[in-house]
$ cat data_29.txt   # compact mmCIF, C-alpha atoms
# COMPACT_ATOMS: atom_id res chain seq x y z
CA MET A 1 95.62 160.15 96.76
CA MET A 2 93.40 157.72 98.62
CA LEU A 3 93.41 155.38 95.60
CA ARG A 4 97.22 155.44 95.34
CA SER A 5 97.71 154.59 99.00
CA LEU A 6 95.12 151.85 98.69
CA ARG A 7 96.98 150.44 95.69
CA GLN A 8 100.26 150.53 97.64
CA VAL A 9 98.65 148.70 100.52
CA GLY A 10 97.35 146.14 98.03
CA GLU A 11 100.82 145.59 96.59
CA ASN A 12 102.36 145.24 100.01
CA ILE A 13 99.78 142.65 100.88
CA LYS A 14 100.60 140.75 97.70
CA ARG A 15 104.27 140.67 98.61
CA ASN A 16 103.54 139.52 102.15
CA PRO A 17 104.53 135.82 102.41
CA LEU A 18 101.29 135.02 104.19
CA PHE A 19 99.33 135.86 101.05
CA LEU A 20 101.79 134.64 98.44
CA SER A 21 100.65 131.04 98.60
CA VAL A 22 97.15 132.13 97.76
CA ARG A 23 97.98 134.21 94.69
CA ASN A 24 101.05 132.44 93.28
CA LYS A 25 101.42 128.69 93.25
CA ALA A 26 105.15 129.12 93.83
CA ALA A 27 105.67 125.88 95.67
CA TYR A 28 104.61 123.78 92.72
CA GLU A 29 106.19 125.74 89.92
CA GLY A 30 109.73 126.76 89.15
CA ASP A 31 112.52 125.55 91.39
CA GLY A 32 110.32 124.01 94.06
CA LYS A 33 108.52 121.82 91.55
CA THR A 34 107.43 118.39 92.74
CA ALA A 35 107.47 115.61 90.19
CA VAL A 36 106.74 111.93 90.07
CA ARG A 37 108.91 109.55 88.10
CA ILE A 38 107.68 105.98 87.85
CA LEU A 39 110.66 103.65 87.83
CA ASN A 40 108.91 100.92 85.88
CA GLN A 41 108.40 103.15 82.86
CA ASP A 42 112.11 103.80 82.45
CA GLN A 43 113.32 100.97 80.25
CA ASP A 44 117.02 101.73 80.79
CA LEU A 45 116.87 100.71 84.42
CA GLY A 46 116.29 97.06 83.60
CA LEU A 47 113.50 94.61 84.10
CA MET A 48 110.90 95.37 86.72
CA ILE A 49 107.73 93.71 87.83
CA ASP A 50 104.60 95.68 87.03
CA ALA A 51 102.03 93.32 88.48
CA TYR A 52 101.67 89.96 90.17
CA ALA A 53 98.81 87.49 90.35
CA SER A 54 98.30 84.02 91.69
CA TYR A 55 99.32 82.57 88.33
CA GLY A 56 102.28 84.73 87.26
CA PHE A 57 103.92 88.10 86.83
CA ARG A 58 103.75 90.93 84.31
CA LEU A 59 106.94 92.84 83.57
CA ASN A 60 107.53 96.39 82.46
CA ASN A 61 108.55 95.34 78.95
CA GLY A 62 105.10 93.86 78.35
CA ILE A 63 105.98 90.20 78.88
CA THR A 64 103.77 88.12 81.12
CA VAL A 65 105.37 85.06 82.70
CA LEU A 66 103.35 82.26 84.21
CA GLY A 67 104.44 80.44 87.34
CA PRO A 68 107.51 80.94 89.51
CA VAL A 69 110.26 83.08 87.99
CA ALA A 70 113.94 83.68 88.39
CA ILE A 71 114.43 87.33 87.45
CA PHE A 72 117.72 89.11 86.76
CA PRO A 73 118.55 92.73 85.87
CA ARG A 74 117.85 92.20 82.18
CA THR A 75 116.74 88.59 81.85
CA ILE A 76 113.94 86.43 83.08
CA LEU A 77 113.67 82.67 83.36
CA SER A 78 110.95 80.35 84.52
CA TRP A 79 111.85 78.48 87.65
CA GLN A 80 111.13 74.79 88.05
CA ILE A 81 109.74 74.89 91.55
CA ARG A 82 106.18 74.16 92.61
CA THR A 83 106.06 75.35 96.21
CA SER A 84 108.49 76.80 98.75
CA SER A 85 108.99 73.39 100.33
CA GLU A 86 110.82 72.34 97.17
CA ILE A 87 113.46 75.03 97.64
CA ASN A 88 116.64 73.32 98.70
CA GLU A 89 120.34 73.75 98.13
CA ALA A 90 120.14 72.20 94.66
CA SER A 91 117.51 74.65 93.42
CA LEU A 92 119.51 77.63 94.65
CA ARG A 93 122.81 76.41 93.29
CA PHE A 94 122.15 78.08 89.95
CA PHE A 95 122.28 81.53 91.49
CA LYS A 96 125.77 80.86 92.76
CA LEU A 97 127.09 80.14 89.28
CA LEU A 98 126.31 83.54 87.82
CA GLU A 99 128.90 85.97 86.56
CA PRO A 100 129.06 88.80 87.69
CA LYS A 101 128.43 87.47 91.18
CA ILE A 102 125.16 88.65 92.67
CA ASP A 103 125.19 90.64 95.91
CA LEU A 104 121.79 89.57 97.05
CA LEU A 105 119.11 87.08 96.13
CA ILE A 106 115.56 88.16 96.89
CA ILE A 107 113.29 85.19 97.51
CA GLY A 108 109.55 85.83 97.39
CA LEU A 109 107.54 83.15 99.12
CA GLU A 110 103.88 82.41 98.56
CA THR A 111 103.09 82.08 102.28
CA LYS A 112 104.09 83.82 105.49
CA GLU A 113 104.43 80.68 107.60
CA ARG A 114 107.42 80.77 109.87
CA LYS A 115 108.29 77.10 109.22
CA VAL A 116 108.54 77.68 105.49
CA ILE A 117 110.70 80.76 105.94
CA ASN A 118 113.04 78.88 108.25
CA SER A 119 113.48 75.95 105.86
CA VAL A 120 114.22 78.30 102.95
CA PHE A 121 116.69 80.19 105.12
CA GLN A 122 118.42 76.88 105.95
CA ALA A 123 118.64 76.03 102.27
CA SER A 124 120.18 79.42 101.50
CA ARG A 125 122.72 78.96 104.28
CA GLU A 126 123.75 75.60 102.80
CA ALA A 127 124.05 77.22 99.39
CA LYS A 128 126.12 80.04 100.96
CA LEU A 129 124.03 82.77 99.36
CA ASN A 130 123.21 86.20 100.72
CA VAL A 131 119.39 86.16 100.73
CA GLU A 132 116.50 88.34 101.71
CA ILE A 133 113.39 86.21 102.32
CA LEU A 134 110.11 88.09 102.01
CA SER A 135 106.54 87.49 100.94
CA THR A 136 106.01 87.95 97.20
CA GLU A 137 104.36 91.36 97.23
CA HIS A 138 107.20 92.86 99.25
CA ALA A 139 109.80 90.92 97.29
CA CYS A 140 108.52 92.36 93.98
CA SER A 141 108.81 95.97 95.08
CA THR A 142 112.18 95.35 96.75
CA PHE A 143 113.50 93.80 93.54
CA ASN A 144 112.16 96.78 91.56
CA PHE A 145 113.90 99.50 93.43
CA LEU A 146 117.11 97.57 94.02
CA ASN A 147 117.30 96.92 90.29
CA ALA A 148 116.59 100.58 89.58
CA GLU A 149 119.55 101.48 91.80
CA GLY A 150 121.74 99.29 89.65
CA ARG A 151 122.75 96.73 92.25
CA SER A 152 123.78 93.25 91.21
CA ILE A 153 120.81 91.23 92.43
CA ALA A 154 118.53 88.41 91.37
CA GLY A 155 114.99 87.56 92.34
CA ALA A 156 113.41 84.16 92.87
CA LEU A 157 109.68 84.73 93.10
CA LEU A 158 106.77 82.39 93.61
CA PRO A 159 103.27 83.63 92.79
CA PRO A 160 101.39 84.28 96.02
CA LEU A 161 98.66 81.92 97.13
CA HIS A 162 96.55 84.62 98.72
CA ILE A 163 96.29 88.21 97.47
CA ASP A 164 94.66 91.13 99.32
CA MET A 165 92.98 93.18 96.59
CA ASN A 166 91.53 96.62 97.12
CA GLU A 167 89.29 98.60 94.75
CA ASN A 168 92.21 100.43 93.18
CA ASP A 169 93.86 97.14 92.18
CA MET A 170 90.65 95.85 90.62
CA LEU A 171 90.17 99.09 88.69
CA GLN A 172 93.75 99.03 87.40
CA SER A 173 93.51 95.46 86.15
CA LYS A 174 90.13 96.14 84.53
CA MET A 175 91.56 99.16 82.70
CA HIS A 176 94.61 97.18 81.66
CA TYR A 177 92.58 94.42 80.10
CA GLN A 178 90.34 96.95 78.40
CA ASN A 179 93.43 98.48 76.83
CA VAL A 180 94.78 95.12 75.75
CA PHE A 181 91.63 93.57 74.40
CA GLU A 182 89.60 96.46 73.13
CA LYS A 183 92.19 98.91 71.90
CA GLY A 184 94.40 96.11 70.63
CA LEU A 185 91.69 94.99 68.20
CA GLN A 186 91.56 98.34 66.43
CA MET B 187 126.30 137.96 191.76
CA SER B 188 123.68 137.01 189.21
CA PHE B 189 125.84 138.74 186.65
CA LEU B 190 128.74 136.47 187.49
CA LEU B 191 126.47 133.37 187.40
CA LYS B 192 125.13 134.33 183.95
CA ARG B 193 128.68 134.72 182.65
CA THR B 194 129.71 131.30 183.85
CA LEU B 195 126.48 129.65 182.66
CA GLY B 196 126.84 131.28 179.26
CA ALA B 197 130.43 130.07 179.06
CA GLY B 198 129.23 126.57 179.88
CA LYS B 199 126.68 126.65 177.03
CA ASN B 200 129.32 127.83 174.58
CA LEU B 201 131.68 125.18 175.84
CA GLY B 202 129.05 122.51 175.27
CA ARG B 203 128.42 123.68 171.73
CA ALA B 204 132.14 123.79 171.05
CA VAL B 205 132.52 120.26 172.33
CA LEU B 206 129.60 118.99 170.25
CA ASN B 207 130.72 120.72 167.08
CA SER B 208 134.30 119.58 167.18
CA ASN B 209 134.95 116.13 165.83
CA GLN B 210 137.53 115.23 168.39
CA TYR B 211 135.13 113.58 170.81
CA THR B 212 133.61 110.79 168.73
CA GLY B 213 131.56 109.33 171.52
CA ILE B 214 129.29 112.34 171.79
CA GLN B 215 126.43 112.38 169.30
CA ARG B 216 124.07 115.25 168.68
CA VAL B 217 120.66 113.56 168.66
CA ALA B 218 118.34 116.45 168.01
CA THR B 219 118.28 120.12 168.70
CA LYS B 220 115.48 122.60 168.30
CA THR B 221 117.02 124.19 165.20
CA ASP B 222 117.03 120.92 163.19
CA VAL B 223 113.28 120.25 163.35
CA ALA B 224 112.14 123.81 162.64
CA THR B 225 112.82 124.15 158.85
CA PRO B 226 111.94 121.35 156.32
CA GLN B 227 114.43 121.03 153.48
CA VAL B 228 112.94 122.83 150.49
CA GLU B 229 114.88 122.16 147.31
CA THR B 230 115.84 125.49 145.75
CA ARG B 231 118.61 124.45 143.37
CA PRO B 232 117.22 124.81 139.81
CA THR B 233 119.17 121.87 138.42
CA VAL B 234 117.52 119.32 140.70
CA ALA B 235 114.12 117.94 139.63
CA LYS B 236 111.30 118.93 141.92
CA LEU B 237 109.33 116.02 143.27
CA ASP B 238 105.56 116.45 143.16
CA PRO B 239 104.30 114.44 146.15
CA LEU B 240 100.68 114.55 144.99
CA GLN B 241 101.54 113.08 141.59
CA LYS B 242 103.72 110.47 143.21
CA SER B 243 101.00 109.43 145.64
CA GLN B 244 98.50 109.20 142.78
CA LEU B 245 100.88 107.01 140.82
CA ILE B 246 101.46 104.78 143.82
CA ASP B 247 97.72 104.39 144.33
CA PHE B 248 97.19 103.59 140.69
CA GLY B 249 100.04 101.10 140.71
CA LYS B 250 98.44 99.29 143.63
CA TYR B 251 95.10 99.35 141.84
CA ILE B 252 96.59 97.72 138.74
CA ALA B 253 98.20 95.06 140.91
CA GLU B 254 94.83 94.32 142.49
CA CYS B 255 92.99 94.21 139.16
CA MET B 256 95.45 91.94 137.34
CA PRO B 257 97.17 89.82 139.98
CA LYS B 258 97.83 87.00 137.54
CA TYR B 259 100.19 88.97 135.37
CA VAL B 260 101.57 91.82 137.48
CA GLN B 261 104.80 90.66 139.08
CA LYS B 262 106.09 93.94 140.38
CA VAL B 263 105.18 97.62 140.39
CA GLN B 264 107.79 100.24 141.07
CA ILE B 265 108.33 103.98 140.96
CA THR B 266 111.52 104.99 139.19
CA ALA B 267 113.22 108.36 139.51
CA GLY B 268 110.51 109.77 141.72
CA ASN B 269 107.63 109.99 139.27
CA GLU B 270 107.74 107.18 136.67
CA LEU B 271 105.39 104.24 137.24
CA GLU B 272 106.57 100.86 135.96
CA VAL B 273 104.67 97.59 135.80
CA LEU B 274 106.71 94.41 135.37
CA ILE B 275 104.94 91.46 133.76
CA PRO B 276 105.76 88.09 132.21
CA PRO B 277 105.56 87.83 128.39
CA GLU B 278 102.22 85.97 128.54
CA GLY B 279 100.60 89.06 130.00
CA VAL B 280 101.46 91.57 127.29
CA ILE B 281 98.12 91.59 125.47
CA PRO B 282 95.86 91.44 128.58
CA ILE B 283 97.75 94.19 130.40
CA LEU B 284 98.00 96.49 127.37
CA GLN B 285 94.33 95.96 126.57
CA PHE B 286 93.43 96.70 130.20
CA LEU B 287 95.49 99.88 130.28
CA LYS B 288 94.02 101.05 126.99
CA ASP B 289 90.37 100.30 127.66
CA HIS B 290 89.84 100.69 131.41
CA HIS B 291 87.97 103.86 132.22
CA SER B 292 90.24 105.06 134.99
CA ALA B 293 93.38 104.23 132.99
CA GLN B 294 92.73 105.22 129.32
CA PHE B 295 96.36 104.90 128.20
CA ALA B 296 95.33 105.15 124.60
CA SER B 297 98.63 106.33 123.20
CA LEU B 298 101.55 103.99 122.66
CA VAL B 299 104.57 106.26 122.81
CA ASP B 300 107.39 103.83 122.24
CA ILE B 301 108.44 100.20 122.43
CA GLY B 302 112.07 99.77 123.38
CA GLY B 303 114.29 96.78 123.78
CA MET B 304 117.18 96.13 126.11
CA ASP B 305 119.84 93.46 126.14
CA VAL B 306 121.47 92.28 129.34
CA PRO B 307 123.49 89.24 128.25
CA ASN B 308 124.11 87.90 131.74
CA ARG B 309 120.48 87.21 132.47
CA PRO B 310 118.82 83.94 131.39
CA TYR B 311 116.05 85.99 129.79
CA ARG B 312 118.42 88.43 128.23
CA PHE B 313 116.06 90.78 126.39
CA GLU B 314 113.65 93.23 127.97
CA VAL B 315 110.80 94.73 125.96
CA ILE B 316 109.60 98.05 127.34
CA TYR B 317 106.26 99.62 126.38
CA ASN B 318 105.77 103.32 127.15
CA LEU B 319 102.13 104.46 127.30
CA LEU B 320 100.56 107.88 127.69
CA SER B 321 97.09 108.72 128.92
CA LEU B 322 95.84 111.91 127.33
CA ARG B 323 92.73 111.99 129.50
CA TYR B 324 94.60 111.84 132.81
CA ASN B 325 97.99 113.26 131.71
CA ALA B 326 99.85 110.27 133.06
CA ARG B 327 102.52 107.95 131.75
CA ILE B 328 103.18 104.34 132.53
CA ARG B 329 105.81 101.83 131.53
CA VAL B 330 105.20 98.12 131.02
CA LYS B 331 108.22 95.85 130.99
CA THR B 332 108.49 92.21 129.88
CA TYR B 333 111.37 89.84 129.40
CA THR B 334 112.29 87.16 126.90
CA ASP B 335 115.25 85.22 125.63
CA GLU B 336 116.53 84.75 122.09
CA LEU B 337 114.11 82.05 121.01
CA THR B 338 110.86 82.63 122.88
CA PRO B 339 108.36 84.74 120.92
CA VAL B 340 106.39 87.60 122.51
CA ASP B 341 102.81 88.34 121.47
CA SER B 342 102.60 91.29 119.12
CA ALA B 343 100.85 94.39 120.47
CA CYS B 344 99.57 95.31 116.99
CA GLU B 345 96.03 94.14 117.73
CA VAL B 346 95.89 96.54 120.69
CA PHE B 347 97.91 99.46 119.29
CA LYS B 348 98.40 99.89 115.54
CA ALA B 349 101.46 102.00 116.29
CA ALA B 350 103.29 98.92 117.55
CA ASN B 351 103.86 97.73 113.99
CA TRP B 352 107.11 99.48 113.14
CA TYR B 353 108.42 99.50 116.70
CA GLU B 354 108.21 95.71 116.82
CA ARG B 355 109.82 95.46 113.41
CA GLU B 356 112.67 97.55 114.76
CA ILE B 357 113.08 95.34 117.84
CA TRP B 358 113.03 92.24 115.63
CA ASP B 359 115.66 93.76 113.36
CA MET B 360 117.93 95.09 116.09
CA PHE B 361 117.62 92.38 118.76
CA GLY B 362 116.09 89.31 117.16
CA VAL B 363 113.03 89.18 119.42
CA PHE B 364 110.29 87.42 117.47
CA PHE B 365 106.74 88.78 117.74
CA ALA B 366 104.00 86.23 117.16
CA ASN B 367 100.97 87.29 115.10
CA HIS B 368 102.69 90.37 113.77
CA PRO B 369 101.15 91.25 110.38
CA ASP B 370 104.46 91.94 108.62
CA LEU B 371 107.62 91.18 110.58
CA ARG B 372 110.64 91.98 108.41
CA ARG B 373 113.72 94.13 108.62
CA ILE B 374 113.32 97.87 108.80
CA LEU B 375 116.69 99.53 109.49
CA THR B 376 119.43 97.16 108.39
CA ASP B 377 120.52 96.62 104.82
CA TYR B 378 118.89 93.91 102.67
CA GLY B 379 120.71 90.66 103.24
CA PHE B 380 122.33 91.93 106.45
CA GLU B 381 123.00 89.17 108.94
CA GLY B 382 123.07 89.72 112.64
CA HIS B 383 121.23 91.79 115.19
CA PRO B 384 123.17 95.01 115.78
CA PHE B 385 121.86 96.14 119.18
CA ARG B 386 122.85 92.97 120.94
CA LYS B 387 125.71 93.51 123.31
CA ASP B 388 127.82 90.82 121.64
CA PHE B 389 127.59 92.47 118.23
CA PRO B 390 130.77 94.55 117.77
CA LEU B 391 130.53 98.31 117.44
CA SER B 392 132.11 98.35 113.98
CA GLY B 393 130.22 95.33 112.65
CA TYR B 394 131.62 92.40 110.72
CA VAL B 395 131.60 93.70 107.13
CA GLU B 396 132.51 96.89 105.40
CA LEU B 397 131.15 98.41 102.19
CA ARG B 398 133.30 100.24 99.69
CA TYR B 399 133.06 101.38 96.10
CA ASP B 400 135.15 99.20 93.83
CA ASP B 401 136.40 101.08 90.75
CA GLU B 402 137.04 97.95 88.69
CA GLN B 403 133.58 96.50 89.18
CA LYS B 404 131.99 99.97 89.19
CA ARG B 405 129.74 99.19 92.13
CA VAL B 406 129.63 98.95 95.89
CA VAL B 407 131.10 95.69 97.22
CA VAL B 408 130.77 94.07 100.61
CA GLU B 409 133.95 92.77 102.23
CA PRO B 410 135.02 91.56 105.66
CA LEU B 411 136.03 94.31 108.01
CA GLU B 412 139.52 95.77 107.98
CA LEU B 413 140.28 98.39 110.60
CA ALA B 414 143.38 100.48 110.14
CA GLN B 415 143.74 100.95 113.91
CA GLU B 416 143.20 98.27 116.48
CA PHE B 417 139.94 98.67 118.39
CA ARG B 418 140.55 100.39 121.73
CA ARG B 419 138.22 99.90 124.65
CA PHE B 420 137.95 102.59 127.28
CA GLU B 421 136.85 101.64 130.76
CA LEU B 422 134.45 104.37 131.78
CA SER B 423 132.98 102.97 134.96
CA ALA B 424 135.61 104.51 137.27
CA PRO B 425 134.47 108.18 137.32
CA TRP B 426 130.97 107.43 138.54
CA GLU B 427 132.18 105.56 141.61
CA GLN B 428 133.50 108.80 142.97
CA PHE B 429 130.18 110.60 143.29
CA PRO B 430 129.14 110.04 146.88
CA ASN B 431 125.76 111.73 146.59
CA PHE B 432 124.35 108.93 144.45
CA ARG B 433 125.91 106.02 146.23
CA GLY B 434 123.34 103.89 148.03
CA ASN B 435 120.35 105.70 146.50
CA PRO B 436 118.60 103.22 144.24
CA VAL B 437 116.59 104.78 141.43
CA SER B 438 113.51 102.58 141.71
CA GLU B 439 111.30 102.18 144.74
CA GLU B 440 109.05 99.18 145.03
CA VAL B 441 105.37 99.76 145.45
CA VAL B 442 104.04 96.25 145.09
CA ASN B 443 106.04 93.04 144.89
CA GLN B 444 103.98 89.94 144.31
CA SER B 445 106.72 87.38 144.06
CA GLY B 446 106.12 86.17 147.58
CA ASP B 447 107.02 89.24 149.67
CA GLN B 448 104.71 91.54 151.56
CA PRO B 449 103.68 94.61 149.58
CA LYS B 450 106.08 97.27 150.73
CA LYS B 451 105.52 100.98 150.88
CA GLU B 452 108.39 103.03 149.52

$ encode --input "data_29.txt" --output "structure tokens"
Amino acid sequence: MMLRSLRQVGENIKRNPLFLSVRNKAAYEGDGKTAVRILNQDQDLGLMIDAYASYGFRLNNGITVLGPVAIFPRTILSWQIRTSSEINEASLRFFKLLEPKIDLLIIGLETKERKVINSVFQASREAKLNVEILSTEHACSTFNFLNAEGRSIAGALLPPLHIDMNENDMLQSKMHYQNVFEKGLQ
Amino acid sequence: MSFLLKRTLGAGKNLGRAVLNSNQYTGIQRVATKTDVATPQVETRPTVAKLDPLQKSQLIDFGKYIAECMPKYVQKVQITAGNELEVLIPPEGVIPILQFLKDHHSAQFASLVDIGGMDVPNRPYRFEVIYNLLSLRYNARIRVKTYTDELTPVDSACEVFKAANWYEREIWDMFGVFFANHPDLRRILTDYGFEGHPFRKDFPLSGYVELRYDDEQKRVVVEPLELAQEFRRFELSAPWEQFPNFRGNPVSEEVVNQSGDQPKKE
């Protein structure tokens, strides 16, 4: 008698929402499941930039490109520009000739100086292009998710002069090179 | 006989009151009667904000104290709407004043609540930047206002308050006010490649471009604006002119004015 009522009380407690989160991990299983999907790993979405350094960029299809790049949804080209001061109407004219016409050109500059940004903006106005001028680290991620959305964009990226690295970045690059050089030999 | 006298005297008193109360005789003015002075007006209507005179006097004292401590930058101190303290400063004084308000022991406004912008196109310095601060220690709020025009940069408050980061990005995006020494000043609300500053008064309500999905190209395209109906402008200023209770009652009361005048009490 006592045992049965105790068991009933126990079952009621289990059904009580206050205790459910302790016993059942309902929020993370079934319909409420949280998941992470890394855009770069999905090859159908187009080219994306996995990593950047002061000498070049690494893409999600394994290619590493040295120096400034002009990147498109599925193509990549090296860009013949040394610094942002060399960006003028002539260097941006190529992006105007593309078919299908691009909605937006993302320019990634190697510095954050206001003078440089203004001169590049002037050049883009002369070339009559719709541009978004950012520093390279922001330009890379912006290009990635705009490309994943399927928008008609292009990126013109210069490798940054100065990179702020934290421990996670250093660990990732160390692991990457371990994979490439040690596992690749086997 | 005294009975008769009282009747006539009483009639005279009533006659006087009748004369005073009627509006026919405009020359006669009731200066003061005993009944006026006896009861102070206590506000009982629930929809009207109750003024706390102690809080207001504390704010006035603190406003005067700030004006004494930082006379170089404080141009004006005022009390708005009964209990909101505002300090008006030039744009050079943003960092010193915010640092003072954050660090001073009897101020301790450690919380940046909001940074807002305002555009008044008629002024030479058309934009106002408004910092709202909260002191958790003293349960007090203060507002710091600066001004700038389209080209002059304002110092970024990020070194004083980390929270200022996104607020200043928003003001840059919406108004075009440039913040010097901001760690990362780029657009935050508008679309990539959007041109223009939407919160300016000369930016139209519907914008300049429209986006639509094009079936042939199978993507969203950007085109110049086409409105099916002509834009109608409604003049809404007329109704407010008719409220006599608020006419002639300015919202802000000056506490300290250092642009040449004597400091005035409210």

$ interface_residues --input "data_29.txt" --of "chain A" --to "chain B" --cutoff "8 Å" --atoms "only C-alpha atoms" --output "ChimeraX atom specification"
/A:103-104,130-132,134,151

$ closest_residue --input "data_29.txt" --among "A:Asn144, A:Ser173, A:Ser124, A:Asn40" --to "Ile71 (chain A)" --atoms "only C-alpha atoms"
A:Asn144

$ atom_distance --input "data_29.txt" --atom1 "CA of Ile328 (chain B)" --atom2 "CA of Glu272 (chain B)"
5.9 Å

$ residues_near_point --input "data_29.txt" --point "(104.1, 83.5, 85.0)" --cutoff "6 Å" --atoms "all atoms listed in the file" --output "list of chain:residue names"
A:Tyr55, A:Gly56, A:Phe57, A:Val65, A:Leu66, A:Gly67

$ closest_residue --input "data_29.txt" --among "A:Leu129, A:Cys140, A:Leu98, A:Ala148" --to "Gln43 (chain A)" --atoms "only C-alpha atoms"
A:Ala148

$ atom_distance --input "data_29.txt" --atom1 "CA of Asn61 (chain A)" --atom2 "CA of Leu45 (chain A)"
11.3 Å

$ residues_around --input "data_29.txt" --residues "region 89-97 of chain A" --least-positions-apart "5" --cutoff "10 Å" --atoms "only C-alpha atoms" --output "number ranges by chain"
A: 70, 79-81, 102, 104-105, 120, 122-130, 153-156

$ write_last_selection --input "data_29.txt" --atoms "C-alpha atoms" --output "CSV table (one decimal), keeping the file's coordinate frame"
chain,number,residue,atom,x,y,z
A,70,ALA,CA,113.9,83.7,88.4
A,79,TRP,CA,111.8,78.5,87.6
A,80,GLN,CA,111.1,74.8,88.0
A,81,ILE,CA,109.7,74.9,91.6
A,102,ILE,CA,125.2,88.6,92.7
A,104,LEU,CA,121.8,89.6,97.0
A,105,LEU,CA,119.1,87.1,96.1
A,120,VAL,CA,114.2,78.3,103.0
A,122,GLN,CA,118.4,76.9,106.0
A,123,ALA,CA,118.6,76.0,102.3
A,124,SER,CA,120.2,79.4,101.5
A,125,ARG,CA,122.7,79.0,104.3
A,126,GLU,CA,123.8,75.6,102.8
A,127,ALA,CA,124.0,77.2,99.4
A,128,LYS,CA,126.1,80.0,101.0
A,129,LEU,CA,124.0,82.8,99.4
A,130,ASN,CA,123.2,86.2,100.7
A,153,ILE,CA,120.8,91.2,92.4
A,154,ALA,CA,118.5,88.4,91.4
A,155,GLY,CA,115.0,87.6,92.3
A,156,ALA,CA,113.4,84.2,92.9

$ residues_near_point --input "data_29.txt" --point "(110.1, 95.0, 87.4)" --cutoff "9 Å" --atoms "all atoms listed in the file" --output "NGL selection string"
:A and (39-40 or 46-51 or 58-61 or 71 or 73 or 140-141 or 143-145 or 147-148)

$ write_last_selection --input "data_29.txt" --atoms "C-alpha atoms" --output "CSV table (one decimal), in the coordinates of the input"
chain,number,residue,atom,x,y,z
A,39,LEU,CA,110.7,103.6,87.8
A,40,ASN,CA,108.9,100.9,85.9
A,46,GLY,CA,116.3,97.1,83.6
A,47,LEU,CA,113.5,94.6,84.1
A,48,MET,CA,110.9,95.4,86.7
A,49,ILE,CA,107.7,93.7,87.8
A,50,ASP,CA,104.6,95.7,87.0
A,51,ALA,CA,102.0,93.3,88.5
A,58,ARG,CA,103.8,90.9,84.3
A,59,LEU,CA,106.9,92.8,83.6
A,60,ASN,CA,107.5,96.4,82.5
A,61,ASN,CA,108.6,95.3,79.0
A,71,ILE,CA,114.4,87.3,87.4
A,73,PRO,CA,118.6,92.7,85.9
A,140,CYS,CA,108.5,92.4,94.0
A,141,SER,CA,108.8,96.0,95.1
A,143,PHE,CA,113.5,93.8,93.5
A,144,ASN,CA,112.2,96.8,91.6
A,145,PHE,CA,113.9,99.5,93.4
A,147,ASN,CA,117.3,96.9,90.3
A,148,ALA,CA,116.6,100.6,89.6

$ residues_around --input "data_29.txt" --residues "Leu237 (chain B)" --least-positions-apart "5" --cutoff "9 Å" --atoms "all atoms listed in the file" --output "PyMOL selection string"
chain B and resi 242+268-269

$ closest_residue --input "data_29.txt" --among "A:Val69, A:Ile87, A:Leu171, A:Leu146" --to "Ile117 (chain A)" --atoms "only C-alpha atoms"
A:Ile87

$ residues_around --input "data_29.txt" --residues "Ile374 (chain B)" --least-positions-apart "5" --cutoff "9 Å" --atoms "only C-alpha atoms" --output "PyMOL selection string"
chain B and resi 352+355-356+358-359

$ closest_residue --input "data_29.txt" --among "B:Glu229, B:Glu396, B:Glu336, B:Glu409" --to "Pro307 (chain B)" --atoms "only C-alpha atoms"
B:Glu336

$ atom_distance --input "data_29.txt" --atom1 "CA of Pro410 (chain B)" --atom2 "CA of Leu397 (chain B)"
8.6 Å

$ closest_residue --input "data_29.txt" --among "B:Val306, B:Ile265, B:Ala350, B:Ala296" --to "Arg329 (chain B)" --atoms "only C-alpha atoms"
B:Ile265

$ closest_residue --input "data_29.txt" --among "B:His368, B:Met304, B:Leu375, B:Leu413" --to "Leu391 (chain B)" --atoms "only C-alpha atoms"
B:Leu413

$ decode --input "data_29.txt" --residues "region 157-164 of chain A" --atoms "N, CA and C atoms" --output "PDB file, in the first residue's frame"
ATOM      1  N   LEU A 157      39.961  39.836 -53.026  1.00  0.00           N
ATOM      2  CA  LEU A 157      40.541  39.809 -51.684  1.00  0.00           C
ATOM      3  C   LEU A 157      42.045  39.966 -51.730  1.00  0.00           C
ATOM      4  N   LEU A 158      42.556  40.825 -50.842  1.00  0.00           N
ATOM      5  CA  LEU A 158      43.998  40.940 -50.688  1.00  0.00           C
ATOM      6  C   LEU A 158      44.382  40.311 -49.352  1.00  0.00           C
ATOM      7  N   PRO A 159      45.485  39.573 -49.309  1.00  0.00           N
ATOM      8  CA  PRO A 159      45.868  38.958 -48.038  1.00  0.00           C
ATOM      9  C   PRO A 159      46.187  40.042 -47.013  1.00  0.00           C
ATOM     10  N   PRO A 160      45.725  39.857 -45.772  1.00  0.00           N
ATOM     11  CA  PRO A 160      45.915  40.935 -44.796  1.00  0.00           C
ATOM     12  C   PRO A 160      47.379  41.103 -44.395  1.00  0.00           C
ATOM     13  N   LEU A 161      47.727  42.329 -44.084  1.00  0.00           N
ATOM     14  CA  LEU A 161      49.092  42.608 -43.644  1.00  0.00           C
ATOM     15  C   LEU A 161      49.291  42.146 -42.211  1.00  0.00           C
ATOM     16  N   HIS A 162      48.264  42.341 -41.396  1.00  0.00           N
ATOM     17  CA  HIS A 162      48.387  42.086 -39.961  1.00  0.00           C
ATOM     18  C   HIS A 162      47.246  41.179 -39.537  1.00  0.00           C
ATOM     19  N   ILE A 163      47.586  40.032 -38.913  1.00  0.00           N
ATOM     20  CA  ILE A 163      46.542  39.092 -38.493  1.00  0.00           C
ATOM     21  C   ILE A 163      46.563  38.968 -36.975  1.00  0.00           C
ATOM     22  N   ASP A 164      45.388  39.015 -36.337  1.00  0.00           N
ATOM     23  CA  ASP A 164      45.290  38.759 -34.896  1.00  0.00           C
ATOM     24  C   ASP A 164      45.031  37.280 -34.696  1.00  0.00           C
TER      25      ASP A 164
END
